[in-house]
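Asker: See structure_21.txt below, with compact mmCIF, C-alpha atoms.
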# COMPACT_ATOMS: atom_id res chain seq x y z
CA MET A 22 9.61 24.68 -27.52
CA GLU A 23 6.68 24.45 -25.13
CA GLU A 24 7.44 27.91 -23.75
CA GLU A 25 7.46 29.32 -27.27
CA ASP A 26 4.09 27.69 -28.01
CA LYS A 27 2.64 29.12 -24.80
CA SER A 28 3.94 32.57 -25.71
CA ASN A 29 2.39 32.40 -29.18
CA TYR A 30 -0.88 31.17 -27.69
CA LYS A 31 -1.00 34.11 -25.27
CA SER A 32 -0.15 36.53 -28.06
CA ARG A 33 -2.96 35.20 -30.27
CA ASN A 34 -5.45 35.39 -27.40
CA LEU A 35 -4.41 38.95 -26.58
CA LYS A 36 -4.79 40.01 -30.22
CA ARG A 37 -8.19 38.30 -30.46
CA TRP A 38 -9.35 40.00 -27.23
CA SER A 39 -8.12 43.40 -28.46
CA ASN A 40 -9.92 43.05 -31.79
CA LYS A 41 -13.12 42.10 -29.97
CA ILE A 42 -12.95 45.25 -27.82
CA MET A 43 -12.38 47.42 -30.89
CA ARG A 44 -15.37 45.88 -32.68
CA ASN A 45 -17.61 46.39 -29.66
CA SER A 46 -16.54 50.01 -29.20
CA CYS A 47 -17.04 50.80 -32.89
CA SER A 48 -20.49 49.21 -32.87
CA ALA A 49 -21.64 51.10 -29.75
CA PRO A 50 -24.92 53.00 -30.35
CA ILE A 51 -23.30 56.34 -29.54
CA ASN A 52 -21.12 56.01 -32.62
CA ASN A 53 -24.25 56.16 -34.77
CA LEU A 54 -24.53 59.86 -33.91
CA ASP A 55 -23.09 62.37 -36.36
CA ASP A 56 -19.97 64.43 -35.59
CA GLY A 57 -21.88 67.59 -34.68
CA CYS A 58 -24.02 65.77 -32.13
CA LEU A 59 -21.01 64.03 -30.56
CA MET A 60 -19.10 67.32 -30.29
CA HIS A 61 -22.12 68.90 -28.58
CA ILE A 62 -22.10 66.06 -26.03
CA PHE A 63 -18.34 66.40 -25.50
CA SER A 64 -18.75 70.13 -24.84
CA PHE A 65 -20.56 69.34 -21.56
CA LEU A 66 -17.59 67.34 -20.25
CA SER A 67 -14.97 68.95 -18.05
CA PRO A 68 -11.84 69.51 -20.18
CA ILE A 69 -9.61 67.65 -17.70
CA PRO A 70 -9.82 64.72 -17.30
CA ASP A 71 -13.12 63.75 -18.99
CA ARG A 72 -12.79 65.42 -22.40
CA TYR A 73 -9.10 64.56 -22.47
CA ASN A 74 -9.90 60.88 -21.85
CA THR A 75 -12.49 60.77 -24.64
CA ALA A 76 -9.67 61.49 -27.08
CA LEU A 77 -8.14 58.12 -26.18
CA VAL A 78 -11.17 56.04 -27.22
CA SER A 79 -10.73 56.00 -31.01
CA HIS A 80 -9.33 57.99 -33.92
CA ARG A 81 -12.72 59.58 -34.54
CA TRP A 82 -13.22 60.58 -30.91
CA HIS A 83 -9.66 61.93 -30.81
CA TYR A 84 -10.41 64.13 -33.83
CA LEU A 85 -13.66 65.42 -32.32
CA ALA A 86 -12.34 65.90 -28.75
CA CYS A 87 -9.33 67.87 -30.03
CA HIS A 88 -11.27 69.87 -32.60
CA PRO A 89 -10.60 73.66 -32.50
CA ARG A 90 -14.29 74.16 -31.68
CA MET A 91 -13.72 72.33 -28.40
CA TRP A 92 -10.65 74.22 -27.22
CA LEU A 93 -7.82 76.43 -28.41
CA ARG A 94 -4.20 75.31 -28.13
CA VAL A 95 -1.00 77.21 -27.33
CA ASP A 96 2.10 75.54 -28.76
CA ARG A 97 5.40 77.42 -29.01
CA SER A 98 6.75 74.90 -31.51
CA ILE A 99 3.96 75.47 -34.02
CA LYS A 100 5.29 76.37 -37.48
CA ASP A 101 2.10 76.39 -39.51
CA LEU A 102 0.28 79.47 -38.21
CA SER A 103 -2.59 78.78 -40.61
CA GLU A 104 -3.72 75.77 -38.56
CA PRO A 105 -7.05 76.76 -36.95
CA GLY A 106 -7.23 76.99 -33.19
CA VAL A 107 -3.47 76.79 -32.59
CA PHE A 108 -1.46 79.80 -31.41
CA PRO A 109 2.24 80.41 -30.69
CA ASP A 110 1.70 82.26 -27.39
CA ILE A 111 -0.85 82.80 -24.63
CA LEU A 112 -1.58 86.45 -25.43
CA THR A 113 -2.60 85.63 -29.00
CA ALA A 114 -4.80 82.76 -27.84
CA VAL A 115 -6.54 84.91 -25.22
CA SER A 116 -7.18 87.65 -27.79
CA ALA A 117 -8.71 85.16 -30.24
CA ALA A 118 -10.75 83.26 -27.67
CA ARG A 119 -14.48 83.68 -27.26
CA PRO A 120 -16.23 83.80 -23.87
CA GLY A 121 -16.41 80.30 -22.43
CA ASP A 122 -13.50 78.90 -24.46
CA THR A 123 -10.90 76.53 -23.03
CA ILE A 124 -7.22 77.13 -23.82
CA LEU A 125 -4.91 74.11 -23.61
CA ILE A 126 -1.29 75.19 -23.08
CA ALA A 127 1.25 72.69 -24.38
CA ALA A 128 3.62 71.07 -21.89
CA GLY A 129 7.38 71.48 -22.12
CA GLY A 130 9.52 74.61 -21.90
CA SER A 131 8.37 77.94 -20.54
CA HIS A 132 5.61 80.18 -21.87
CA LEU A 133 5.99 83.95 -21.45
CA ALA A 134 3.12 85.57 -19.55
CA SER A 135 3.48 89.25 -18.76
CA ASN A 136 0.57 91.52 -17.79
CA ILE A 137 -1.91 89.48 -19.86
CA GLN A 138 -5.40 90.83 -19.21
CA ILE A 139 -8.29 88.38 -19.39
CA LYS A 140 -11.61 90.19 -19.71
CA LYS A 141 -13.85 87.25 -20.66
CA PRO A 142 -14.73 83.93 -19.04
CA LEU A 143 -11.99 81.45 -19.97
CA CYS A 144 -10.44 78.23 -18.72
CA LEU A 145 -6.65 77.81 -18.99
CA ILE A 146 -5.32 74.27 -18.68
CA GLY A 147 -1.80 72.87 -18.67
CA GLY A 148 -1.27 70.10 -21.20
CA GLY A 149 1.08 67.99 -19.07
CA GLN A 150 0.26 65.19 -16.67
CA LEU A 151 1.58 67.33 -13.77
CA PRO A 152 1.39 71.10 -13.25
CA ASP A 153 5.19 71.55 -13.29
CA GLU A 154 5.27 70.30 -16.89
CA THR A 155 3.58 73.49 -18.13
CA THR A 156 5.19 76.70 -16.86
CA LEU A 157 4.15 80.32 -17.33
CA THR A 158 6.97 82.77 -16.55
CA CYS A 159 6.60 86.42 -15.63
CA TYR A 160 9.88 88.33 -15.75
CA ARG A 161 10.92 91.26 -13.57
CA GLY A 162 9.32 94.55 -14.57
CA SER A 163 5.79 93.16 -14.93
CA ASP A 164 3.02 93.63 -12.39
CA SER A 165 1.69 90.09 -12.87
CA ALA A 166 1.68 87.13 -15.20
CA LEU A 167 -2.11 87.09 -15.62
CA GLU A 168 -4.68 89.75 -14.72
CA PHE A 169 -8.30 88.63 -14.36
CA LEU A 170 -11.29 90.89 -14.91
CA SER A 171 -13.83 88.12 -15.46
CA THR A 172 -14.77 84.68 -14.13
CA CYS A 173 -11.97 82.27 -15.04
CA LYS A 174 -10.38 78.98 -14.06
CA LEU A 175 -6.73 77.86 -14.02
CA THR A 176 -5.78 74.23 -13.63
CA ASN A 177 -2.68 72.05 -13.93
CA LEU A 178 -0.31 75.03 -14.44
CA THR A 179 2.86 76.40 -12.85
CA VAL A 180 3.09 80.19 -12.73
CA LYS A 181 6.44 81.79 -11.80
CA ALA A 182 7.01 85.48 -11.06
CA GLU A 183 10.46 87.00 -10.57
CA LEU A 184 9.07 90.09 -8.85
CA GLY A 185 5.46 91.11 -8.31
CA CYS A 186 2.57 88.66 -8.28
CA CYS A 187 1.71 85.54 -10.21
CA LEU A 188 -2.01 86.26 -10.48
CA LEU A 189 -3.78 89.63 -10.18
CA HIS A 190 -7.52 89.31 -9.58
CA ARG A 191 -9.63 92.43 -10.11
CA SER A 192 -13.16 91.12 -10.62
CA GLY A 193 -15.15 87.97 -11.34
CA ARG A 194 -14.80 84.56 -9.80
CA LEU A 195 -11.30 83.08 -10.10
CA THR A 196 -10.76 79.36 -9.44
CA ILE A 197 -7.21 77.99 -9.13
CA ASP A 198 -7.16 74.21 -9.04
CA GLY A 199 -4.15 71.89 -8.92
CA CYS A 200 -1.56 74.56 -9.75
CA ILE A 201 1.86 75.69 -8.49
CA LEU A 202 2.41 79.40 -7.82
CA GLN A 203 6.01 80.49 -7.25
CA CYS A 204 7.52 83.86 -6.39
CA GLU A 205 11.27 83.84 -6.87
CA THR A 206 13.30 84.34 -3.70
CA ASN A 207 15.07 87.72 -3.62
CA PRO A 208 15.75 90.60 -1.19
CA LEU A 209 12.49 92.27 -2.28
CA ASP A 210 10.24 89.42 -1.17
CA PHE A 211 8.01 91.89 0.65
CA LEU A 212 6.94 93.22 -2.76
CA SER A 213 6.04 89.76 -4.03
CA CYS A 214 2.82 87.86 -3.50
CA PRO A 215 1.57 84.82 -5.44
CA ILE A 216 -2.05 86.05 -5.46
CA VAL A 217 -3.25 89.65 -5.25
CA SER A 218 -6.98 90.42 -5.22
CA THR A 219 -8.20 94.01 -5.51
CA ALA A 220 -11.91 93.19 -5.87
CA ARG A 221 -13.95 95.31 -3.46
CA SER A 222 -17.63 94.58 -4.04
CA CYS A 223 -18.09 90.96 -3.09
CA ARG A 224 -20.94 88.88 -1.68
CA LEU A 225 -20.52 86.17 0.91
CA ILE A 226 -20.88 82.78 -0.79
CA THR A 227 -21.39 79.31 0.58
CA SER A 228 -20.43 77.36 -2.53
CA PRO A 229 -17.42 78.25 -4.70
CA VAL A 230 -18.94 76.25 -7.56
CA LYS A 231 -22.29 78.04 -7.85
CA SER A 232 -21.24 81.59 -7.00
CA ASN A 233 -21.53 84.56 -9.33
CA GLY A 234 -19.85 87.01 -6.96
CA ASP A 235 -16.30 88.32 -7.01
CA GLY A 236 -13.77 86.19 -5.19
CA VAL A 237 -10.97 83.64 -5.41
CA SER A 238 -11.06 79.90 -4.73
CA VAL A 239 -7.79 77.98 -4.37
CA LEU A 240 -7.85 74.17 -4.38
CA GLN A 241 -4.96 71.70 -3.96
CA THR A 242 -2.43 74.32 -5.00
CA ARG A 243 1.21 74.63 -3.93
CA ILE A 244 2.24 78.19 -3.08
CA GLU A 245 5.90 79.15 -2.67
CA GLY A 246 7.73 82.39 -1.85
CA GLY A 247 6.46 85.93 -1.44
CA ALA A 248 5.47 87.88 1.63
CA LYS A 249 2.19 85.98 2.05
CA ALA A 250 0.05 83.52 0.10
CA VAL A 251 -2.57 86.12 -0.86
CA LEU A 252 -2.84 89.90 -0.54
CA THR A 253 -6.36 91.33 -0.51
CA LYS A 254 -7.77 94.82 -0.78
CA GLY A 255 -11.04 96.31 0.39
CA ASP A 256 -13.29 93.98 2.38
CA LEU A 257 -11.98 90.65 1.08
CA VAL A 258 -10.76 88.13 3.66
CA LEU A 259 -9.61 84.51 3.68
CA GLN A 260 -12.31 81.95 4.44
CA ARG A 261 -12.39 78.17 4.78
CA VAL A 262 -8.60 77.92 4.88
CA ARG A 263 -6.92 74.51 4.81
CA VAL A 264 -3.17 73.99 4.68
CA ILE A 265 -1.12 70.82 4.38
CA TYR A 266 2.53 71.35 5.27
CA ALA A 267 5.30 68.93 4.37
CA ARG A 268 9.08 69.22 4.49
CA THR A 269 9.32 70.63 0.98
CA ASN A 270 5.74 71.52 -0.01
CA MET A 271 2.83 73.50 1.31
CA TYR A 272 -0.62 73.04 -0.24
CA PHE A 273 -3.50 75.49 0.19
CA TRP A 274 -7.27 75.28 -0.03
CA PHE A 275 -9.06 78.57 0.61
CA ASP A 276 -11.63 81.08 -0.60
CA VAL A 277 -11.23 84.84 -0.66
CA ASP A 278 -14.59 86.49 -0.07
CA ARG A 279 -16.35 89.30 1.74
CA GLN A 280 -16.66 88.65 5.45
Please re-express this file's structure in structure tokens.
Answerer:
Amino acid sequence: MEEEDKSNYKSRNLKRWSNKIMRNSCSAPINNLDDGCLMHIFSFLSPIPDRYNTALVSHRWHYLACHPRMWLRVDRSIKDLSEPGVFPDILTAVSAARPGDTILIAAGGSHLASNIQIKKPLCLIGGGQLPDETTLTCYRGSDSALEFLSTCKLTNLTVKAELGCCLLHRSGRLTIDGCILQCETNPLDFLSCPIVSTARSCRLITSPVKSNGDGVSVLQTRIEGGAKAVLTKGDLVLQRVRVIYARTNMYFWFDVDRQ
């Protein structure tokens, strides 16, 4: 009987403490701002993890942080195509996106990505907790899964290519952060390469964050298969290379710039 009373006491205290937190969060001065002002503030946050975490604060913040104005979503299971900001595939989302948009790709299953050209600044983010929960697959017969002709960022994604390259970089500044790039093992491995960069006119840069030149930055990314991690053309070379090798994984940090 005493144990039951203690359990009820703890339960009541927990509920009282939870209600107090909810009241304090709802009465915070920032909640006096209107929706438009809050969304403008959220737009300055990095999509992952900051903007994602704001969606966990309250129902209102979840609505604003996930609003179509904040980012577009790719969801293969979507049935209502009239829902704004939600698309059934990556190609459609890229075509509809405006420069500077963020595209959140739903976790689960495999998304087809075949020779998709990206000619405007975009950020593509995997919706899972880990990169292998959101997979982009490029089947044999395609040159690449994604082709970049503008400054873009990829994060928290797995990109698989059966033959060819995962990512083809032609111009702009490409940042690959926390991803997995896989070239399938086959007798034609010498034709496969996870990253191919054909950019020729490129300035030497000291900071991958503040650069406007052409180049590629790879951070905390696992690269598997292919003839080499990156194939460059023209005067691009690897710089600031860091590799961590384990029994089953190899992680790369590097920049591809003009020497």
Asker: Output, as JSON, the centre and edge lengths in Å (one decimal) of the axis-aligned box that contains all listed atoms of range 59-77 of chain A with 3 Å of margin on each side.
Answerer:
{"center_x": -15.1, "center_y": 64.1, "center_z": -23.9, "size_x": 20.0, "size_y": 18.0, "size_z": 19.3}
Asker: Can you work out the spacing between CA of His61 in chain A and CA of Asp96 in chain A in Å, to one decimal?
Answerer: 25.1 Å
Asker: Rank A:Leu143, A:Val262, A:Ile216, A:Leu178 by their smallest atom-to-atom distance to Gly129 in chain A, using all atoms listed in the file, and report the top residue only.
Answerer: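 Distance minimum relative to Gly129 in chain A lands on A:Leu178.
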Asker: Taking all atoms listed in the file into account, which of A:Gln203, A:Ser171, A:Asn270, A:Thr219 comes nearest Ala248 in chain A?
Answerer: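 Of A:Gln203, A:Ser171, A:Asn270, A:Thr219, the one nearest Ala248 in chain A is A:Gln203, counting all atoms listed in the file.
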Asker: Mind running range 98-176 of chain A against range 193-197 of chain A at 8 Å and telling me each contacting residue's nearest atom pair with the distance in Å (one decimal), counting only C-alpha atoms, chain and number ascending, as a tab-separated table?
Answerer:
residue	atom	partner	partner_atom	distance
A:Phe169	CA	A:Gly193	CA	7.5
A:Leu170	CA	A:Gly193	CA	6.0
A:Ser171	CA	A:Gly193	CA	4.3
A:Thr172	CA	A:Gly193	CA	4.3
A:Cys173	CA	A:Leu195	CA	5.1
A:Lys174	CA	A:Thr196	CA	4.7
A:Leu175	CA	A:Ile197	CA	4.9
A:Thr176	CA	A:Ile197	CA	6.0
Asker: I'd like to know which of A:Cys214, A:Thr242, A:Asp153, A:Ile139 is closest to Arg191 in chain A, using only C-alpha atoms.
Answerer: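 So, comparing all the options, the nearest one is A:Ile139.
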Asker: Go ahead and compute the interatomic distance for CA of Thr179 in chain A and CA of Met271 in chain A, in Å to one decimal.
Answerer: 14.5 Å
Asker: Between CA of Asn53 in chain A and CA of Gly121 in chain A, what distance in Å does the model show, to one decimal?
Answerer: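 Between these atoms lies a distance of 28.2 Å.
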Asker: Please provide the set of residues having any atom within 8 Å of range 98-111 of chain A, restricted to all atoms listed in the file, with same-chain residues fewer than 4 positions apart removed, written as a VMD selection string.
Answerer: chain A and resid 89 to 90 92 to 94 115 126 132 to 134
Asker: Given the choices A:Thr156, A:Ser116, A:Gln241, A:Gln138, which gets closest to Leu188 in chain A if the distance is worked out from only C-alpha atoms?
Answerer: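 Among A:Thr156, A:Ser116, A:Gln241, A:Gln138, it is A:Gln138 that comes nearest to Leu188 in chain A.
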Asker: Using only C-alpha atoms, which residue out of A:Val180, A:Cys144, A:Val251, A:Leu77 lies closest to Ala118 in chain A?
Answerer: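 Once distances to Ala118 in chain A are computed over only C-alpha atoms, the minimum belongs to A:Cys144.
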Asker: So which residues touch Cys87 in chain A within 9 Å, counting only C-alpha atoms, skipping near sequence neighbours fewer than 6 positions away, as a short mmCIF file (atom, residue, chain, number, x, y, z; two decimals) with C-alpha atoms, in the frame of the given file?
Answerer:
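Saved the output as out_19.cif:
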data_model
loop_
_atom_site.label_atom_id
_atom_site.label_comp_id
_atom_site.auth_asym_id
_atom_site.auth_seq_id
_atom_site.Cartn_x
_atom_site.Cartn_y
_atom_site.Cartn_z
CA ARG A 72 -12.79 65.42 -22.40
CA TYR A 73 -9.10 64.56 -22.47
CA ALA A 76 -9.67 61.49 -27.08
CA LEU A 93 -7.82 76.43 -28.41
#
Asker: Quick one: everything within 9 Å of Ser213 in chain A, counting all atoms listed in the file, minus sequence neighbours fewer than 4 positions away in the same chain. Send it as a PyMOL selection string.
Answerer: chain A and resi 182-187+204-205+209+246-249
Asker: So that I can check the surroundings of Ile244 in chain A, please list as a list in words every protein, DNA and RNA residue that reaches within 8 Å of it, counting only C-alpha atoms and ignoring chain neighbours fewer than 6 positions away.
Answerer: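 My reading of the contact set: Ile201, Leu202, Gln203, Pro215, Ala250, Met271, Tyr272 and Phe273 of chain A.
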